[in-house]
Amino acid sequence: MTTCEAENASPQDRMQQSLDRAGLSAHVDVADDQSTLRVVLLGGSRLPFLHVSSADEATAWLENAGIRATADTDEDDNAVLHLPADTVDTVRELLTADYLRAEDAADALQHALHQAGITLATVTVADQDALVVEIADSDNLETGVNLGVLLGADDIAQDIKLHRPKGMRKLAHRLQLVLTGAVGRGIAVHAEPGCEHRDDRLLIDLHADQTPRLADRITPPASASNTWSGAGSSPRQRPPST
């Protein structure tokens, strides 16, 4: 949606679009009196309170945020926020802003990885501050090796037997050191050997604030041609909300 379209969208549409983009499961409609927006909360994994069916928790959250709005539950025991017009933008910002920033960071990193030829990587948002990069690779984690090489560690796989679990763990440890040098502390890399039904995997945990630095580090110069086959941008897959 373009900026112009966003500005012209109704408060209902803006709220629904922001909630969807932030990965919050909810349905937005206009109350019968046409003066109040109803936000039916259908899933609780990214809400600022624990129980999606608790009107009391929703009410307490609104009160603590200084928002003059009410909450109750519908016939399906979903919490429903009743938002007067002058509270809609504030609630939308509080519910979605942090996750929207995390989703944007994840998209940017996903795009950079694919542009650099790391096509077997998927970036997902774990929470509003944390992202996970999953590299699933049946070719002895060669994609993880390529990521290390992109970051300047040409010998990252030296003397490692990548077809063995111990070798995979060594690669994960070395990649963690390389990533820490590239974007700062707090990075964690785990290796999970595959099985008959699943490829070997590397899981990279990083802070949302670190993802722009990592994306910048692996983005190839505009004038450089990509030497790895299959490079290109593809949509990031997002797990369903719960």
# chains A, B, ... in the order shown; residues from 1 in each chain; ligands from 1

call {"tool": "residues_around", "arguments": {"residues": "Gln17 of chain A", "least_positions_apart": "6", "cutoff": "12 Å", "atoms": "only C-alpha atoms", "output": "list in words"}}
result
Met1, Glu5, Ala6, Ala9, Ser10, Pro11, Gly23, Leu24, Ser25, Ala26, His27, Val28, Arg92, Thr96 and Leu100 of chain A

call {"tool": "write_last_selection", "arguments": {"atoms": "all heavy atoms", "output": "mmCIF file, in the first residue's frame"}}
result
data_model
loop_
_atom_site.group_PDB
_atom_site.id
_atom_site.type_symbol
_atom_site.label_atom_id
_atom_site.label_comp_id
_atom_site.auth_asym_id
_atom_site.auth_seq_id
_atom_site.Cartn_x
_atom_site.Cartn_y
_atom_site.Cartn_z
ATOM 1 N N MET A 1 0.846 -1.192 0.000
ATOM 2 C CA MET A 1 0.000 0.000 0.000
ATOM 3 C C MET A 1 0.879 1.239 0.000
ATOM 4 O O MET A 1 1.814 1.354 0.787
ATOM 5 C CB MET A 1 -0.912 -0.004 1.236
ATOM 6 C CG MET A 1 -1.904 1.136 1.232
ATOM 7 S SD MET A 1 -3.102 1.003 2.589
ATOM 8 C CE MET A 1 -2.044 1.220 4.001
ATOM 9 N N GLU A 5 -2.310 5.928 -0.360
ATOM 10 C CA GLU A 5 -3.400 5.020 -0.048
ATOM 11 C C GLU A 5 -3.573 4.883 1.454
ATOM 12 O O GLU A 5 -4.687 4.795 1.974
ATOM 13 C CB GLU A 5 -3.137 3.656 -0.687
ATOM 14 C CG GLU A 5 -3.274 3.661 -2.208
ATOM 15 C CD GLU A 5 -2.808 2.349 -2.816
ATOM 16 O OE1 GLU A 5 -1.990 1.663 -2.171
ATOM 17 O OE2 GLU A 5 -3.257 2.006 -3.916
ATOM 18 N N ALA A 6 -2.450 4.826 2.177
ATOM 19 C CA ALA A 6 -2.514 4.703 3.636
ATOM 20 C C ALA A 6 -3.186 5.917 4.238
ATOM 21 O O ALA A 6 -3.985 5.799 5.179
ATOM 22 C CB ALA A 6 -1.104 4.525 4.198
ATOM 23 N N ALA A 9 -6.924 5.705 3.643
ATOM 24 C CA ALA A 9 -7.628 4.562 4.194
ATOM 25 C C ALA A 9 -8.419 4.976 5.434
ATOM 26 O O ALA A 9 -8.066 5.923 6.132
ATOM 27 C CB ALA A 9 -6.637 3.453 4.549
ATOM 28 N N SER A 10 -9.483 4.258 5.681
ATOM 29 C CA SER A 10 -10.293 4.536 6.865
ATOM 30 C C SER A 10 -9.543 4.085 8.120
ATOM 31 O O SER A 10 -8.626 3.262 8.052
ATOM 32 C CB SER A 10 -11.620 3.775 6.763
ATOM 33 O OG SER A 10 -11.375 2.373 6.861
ATOM 34 N N PRO A 11 -9.926 4.624 9.296
ATOM 35 C CA PRO A 11 -9.304 4.152 10.543
ATOM 36 C C PRO A 11 -9.432 2.639 10.716
ATOM 37 O O PRO A 11 -8.516 1.980 11.210
ATOM 38 C CB PRO A 11 -10.068 4.916 11.620
ATOM 39 C CG PRO A 11 -10.529 6.175 10.935
ATOM 40 C CD PRO A 11 -10.839 5.753 9.530
ATOM 41 N N GLY A 23 1.489 -9.149 12.631
ATOM 42 C CA GLY A 23 1.315 -10.539 13.013
ATOM 43 C C GLY A 23 0.379 -10.756 14.186
ATOM 44 O O GLY A 23 0.450 -11.794 14.842
ATOM 45 N N LEU A 24 -0.503 -9.795 14.459
ATOM 46 C CA LEU A 24 -1.498 -9.951 15.519
ATOM 47 C C LEU A 24 -2.805 -10.423 14.892
ATOM 48 O O LEU A 24 -3.299 -9.805 13.942
ATOM 49 C CB LEU A 24 -1.733 -8.628 16.261
ATOM 50 C CG LEU A 24 -0.732 -8.269 17.359
ATOM 51 C CD1 LEU A 24 0.555 -7.723 16.743
ATOM 52 C CD2 LEU A 24 -1.330 -7.255 18.312
ATOM 53 N N SER A 25 -3.334 -11.488 15.412
ATOM 54 C CA SER A 25 -4.579 -12.036 14.881
ATOM 55 C C SER A 25 -5.764 -11.303 15.489
ATOM 56 O O SER A 25 -6.019 -11.404 16.694
ATOM 57 C CB SER A 25 -4.663 -13.538 15.195
ATOM 58 O OG SER A 25 -5.849 -14.084 14.664
ATOM 59 N N ALA A 26 -6.463 -10.549 14.644
ATOM 60 C CA ALA A 26 -7.579 -9.742 15.141
ATOM 61 C C ALA A 26 -8.496 -9.402 13.976
ATOM 62 O O ALA A 26 -8.108 -9.463 12.806
ATOM 63 C CB ALA A 26 -7.073 -8.461 15.804
ATOM 64 N N HIS A 27 -9.715 -9.042 14.332
ATOM 65 C CA HIS A 27 -10.686 -8.572 13.341
ATOM 66 C C HIS A 27 -11.203 -7.210 13.774
ATOM 67 O O HIS A 27 -11.569 -7.025 14.939
ATOM 68 C CB HIS A 27 -11.849 -9.552 13.201
ATOM 69 C CG HIS A 27 -12.933 -9.064 12.297
ATOM 70 N ND1 HIS A 27 -12.776 -8.958 10.929
ATOM 71 C CD2 HIS A 27 -14.195 -8.613 12.578
ATOM 72 C CE1 HIS A 27 -13.880 -8.484 10.396
ATOM 73 N NE2 HIS A 27 -14.754 -8.264 11.370
ATOM 74 N N VAL A 28 -11.229 -6.276 12.850
ATOM 75 C CA VAL A 28 -11.619 -4.905 13.160
ATOM 76 C C VAL A 28 -12.907 -4.565 12.416
ATOM 77 O O VAL A 28 -13.025 -4.816 11.214
ATOM 78 C CB VAL A 28 -10.515 -3.906 12.761
ATOM 79 C CG1 VAL A 28 -10.907 -2.486 13.171
ATOM 80 C CG2 VAL A 28 -9.180 -4.307 13.378
ATOM 81 N N ARG A 92 -3.391 1.694 18.068
ATOM 82 C CA ARG A 92 -2.711 1.047 16.939
ATOM 83 C C ARG A 92 -1.198 1.130 17.107
ATOM 84 O O ARG A 92 -0.477 0.150 16.882
ATOM 85 C CB ARG A 92 -3.145 1.715 15.628
ATOM 86 C CG ARG A 92 -2.458 1.146 14.389
ATOM 87 C CD ARG A 92 -3.226 1.566 13.131
ATOM 88 N NE ARG A 92 -3.366 3.010 13.049
ATOM 89 C CZ ARG A 92 -2.464 3.815 12.496
ATOM 90 N NH1 ARG A 92 -1.346 3.322 11.989
ATOM 91 N NH2 ARG A 92 -2.673 5.108 12.445
ATOM 92 N N THR A 96 1.139 -2.248 17.709
ATOM 93 C CA THR A 96 1.834 -2.745 16.517
ATOM 94 C C THR A 96 3.217 -2.174 16.270
ATOM 95 O O THR A 96 3.994 -2.788 15.525
ATOM 96 C CB THR A 96 0.989 -2.473 15.256
ATOM 97 O OG1 THR A 96 0.894 -1.054 15.015
ATOM 98 C CG2 THR A 96 -0.412 -3.053 15.396
ATOM 99 N N LEU A 100 5.980 -4.050 14.058
ATOM 100 C CA LEU A 100 6.170 -3.568 12.693
ATOM 101 C C LEU A 100 7.639 -3.291 12.420
ATOM 102 O O LEU A 100 8.157 -3.610 11.341
ATOM 103 C CB LEU A 100 5.336 -2.310 12.453
ATOM 104 C CG LEU A 100 3.823 -2.509 12.357
ATOM 105 C CD1 LEU A 100 3.114 -1.166 12.211
ATOM 106 C CD2 LEU A 100 3.459 -3.431 11.206
#

call {"tool": "residues_around", "arguments": {"residues": "Ala121 of chain A", "least_positions_apart": "6", "cutoff": "7 Å", "atoms": "only C-alpha atoms", "output": "PDB file with C-alpha atoms, in the first residue's frame"}}
result
ATOM      1  CA  VAL A 133      17.487 -16.831  10.872  1.00  0.00           C
ATOM      2  CA  GLU A 134      16.972 -20.473   9.923  1.00  0.00           C
ATOM      3  CA  ILE A 135      19.299 -22.018   7.354  1.00  0.00           C
ATOM      4  CA  ALA A 136      18.080 -25.458   6.283  1.00  0.00           C
TER       5      ALA A 136
END

call {"tool": "atom_distance", "arguments": {"atom1": "atom CA of Leu62 of chain A", "atom2": "atom CA of Val91 of chain A"}}
result
8.5 Å

call {"tool": "atom_distance", "arguments": {"atom1": "atom CA of Leu179 of chain A", "atom2": "atom CA of Tyr99 of chain A"}}
result
23.4 Å

call {"tool": "closest_residue", "arguments": {"among": "A:Met168, A:Leu131, A:Ala71, A:Ala106", "to": "Ala55 of chain A", "atoms": "only C-alpha atoms"}}
result
A:Ala71

call {"tool": "select_by_dssp", "arguments": {"residues": "segment 66-177 of chain A", "states": "alpha helix (DSSP H)", "output": "PyMOL selection string"}}
result
chain A and resi 88-115+142-150+165-177

call {"tool": "closest_residue", "arguments": {"among": "A:Thr124, A:Arg164, A:Val183, A:Val52", "to": "Arg217 of chain A", "atoms": "only C-alpha atoms"}}
result
A:Val183

call {"tool": "residues_around", "arguments": {"residues": "Asp209 of chain A", "least_positions_apart": "4", "cutoff": "9 Å", "atoms": "only C-alpha atoms", "output": "JSON list (two decimals) with N, CA and C atoms, in the first residue's frame"}}
result
[["chain", "number", "residue", "atom", "x", "y", "z"],
["A", 102, "ALA", "N", 10.16, -4.76, 13.89],
["A", 102, "ALA", "CA", 10.83, -6.06, 13.81],
["A", 102, "ALA", "C", 10.54, -6.75, 12.49],
["A", 105, "ALA", "N", 12.57, -5.10, 9.79],
["A", 105, "ALA", "CA", 13.97, -5.51, 9.89],
["A", 105, "ALA", "C", 14.15, -6.91, 9.34],
["A", 129, "ASP", "N", 11.70, -7.90, 19.91],
["A", 129, "ASP", "CA", 13.11, -7.55, 19.96],
["A", 129, "ASP", "C", 14.03, -8.61, 19.37],
["A", 130, "ALA", "N", 13.51, -9.76, 19.00],
["A", 130, "ALA", "CA", 14.37, -10.88, 18.62],
["A", 130, "ALA", "C", 13.93, -11.50, 17.30],
["A", 213, "ARG", "N", 22.48, -3.92, 10.59],
["A", 213, "ARG", "CA", 23.93, -4.00, 10.43],
["A", 213, "ARG", "C", 24.32, -5.26, 9.66]]

call {"tool": "closest_residue", "arguments": {"among": "A:Thr219, A:Gln34, A:Thr211, A:Ser138", "to": "Asp104 of chain A", "atoms": "only C-alpha atoms"}}
result
A:Thr211

call {"tool": "residues_around", "arguments": {"residues": "Leu141 of chain A", "least_positions_apart": "3", "cutoff": "7 Å", "atoms": "only C-alpha atoms", "output": "ChimeraX atom specification"}}
result
/A:137-138,144-145,162,200

call {"tool": "atom_distance", "arguments": {"atom1": "atom CA of Val178 of chain A", "atom2": "atom CA of Gly117 of chain A"}}
result
18.4 Å

call {"tool": "residues_around", "arguments": {"residues": "Gly148 of chain A", "least_positions_apart": "2", "cutoff": "10 Å", "atoms": "only C-alpha atoms", "output": "compact mmCIF listing (two decimals) with C-alpha atoms, in the first residue's frame"}}
result
# COMPACT_ATOMS: atom_id res chain seq x y z
CA GLU A 142 27.30 -25.22 2.82
CA THR A 143 24.94 -22.25 2.98
CA GLY A 144 26.15 -21.50 6.51
CA VAL A 145 29.71 -21.69 5.25
CA ASN A 146 28.84 -19.24 2.47
CA LEU A 150 30.43 -13.33 2.96
CA LEU A 151 31.42 -11.87 6.32
CA GLY A 152 35.11 -12.31 5.61
CA ALA A 153 35.81 -15.69 7.22
CA ASP A 154 37.16 -17.50 4.15
CA ASP A 155 38.51 -20.38 6.24
CA ILE A 156 35.46 -20.85 8.45
CA ALA A 157 35.06 -24.51 7.44
CA LEU A 171 30.74 -24.43 12.37
CA ARG A 174 32.79 -20.20 14.48
CA LEU A 175 29.86 -18.51 12.75
CA GLN A 176 28.73 -17.10 16.09
CA LEU A 177 32.17 -15.54 16.60
CA VAL A 178 32.13 -14.10 13.07
CA LEU A 179 28.62 -12.66 13.50
CA ILE A 218 26.13 -8.91 3.39

call {"tool": "select_by_dssp", "arguments": {"residues": "segment 14-131 of chain A", "states": "strand (DSSP E or B)", "output": "PyMOL selection string"}}
result
chain A and resi 26-30+36-41+70-73+79-84+121-127+130-131

call {"tool": "closest_atom_pairs", "arguments": {"of": "segment 88-170 of chain A", "to": "segment 35-46 of chain A", "cutoff": "10 Å", "atoms": "only C-alpha atoms", "output": "Markdown table"}}
result
| residue | atom | partner | partner_atom | distance |
| --- | --- | --- | --- | --- |
| A:Val88 | CA | A:Leu37 | CA | 7.5 |
| A:Leu95 | CA | A:Arg46 | CA | 8.4 |
| A:Thr96 | CA | A:Arg46 | CA | 9.0 |
| A:Tyr99 | CA | A:Arg46 | CA | 8.3 |
| A:Ala126 | CA | A:Arg46 | CA | 9.7 |
| A:Asp127 | CA | A:Arg46 | CA | 7.5 |
| A:Gln128 | CA | A:Arg46 | CA | 8.2 |

call {"tool": "closest_residue", "arguments": {"among": "A:Asp98, A:Asp33, A:Asp72, A:Glu103", "to": "Pro84 of chain A", "atoms": "only C-alpha atoms"}}
result
A:Asp33

call {"tool": "closest_residue", "arguments": {"among": "A:Ser53, A:Gln110, A:Thr87, A:Thr122", "to": "Gly66 of chain A", "atoms": "only C-alpha atoms"}}
result
A:Thr87
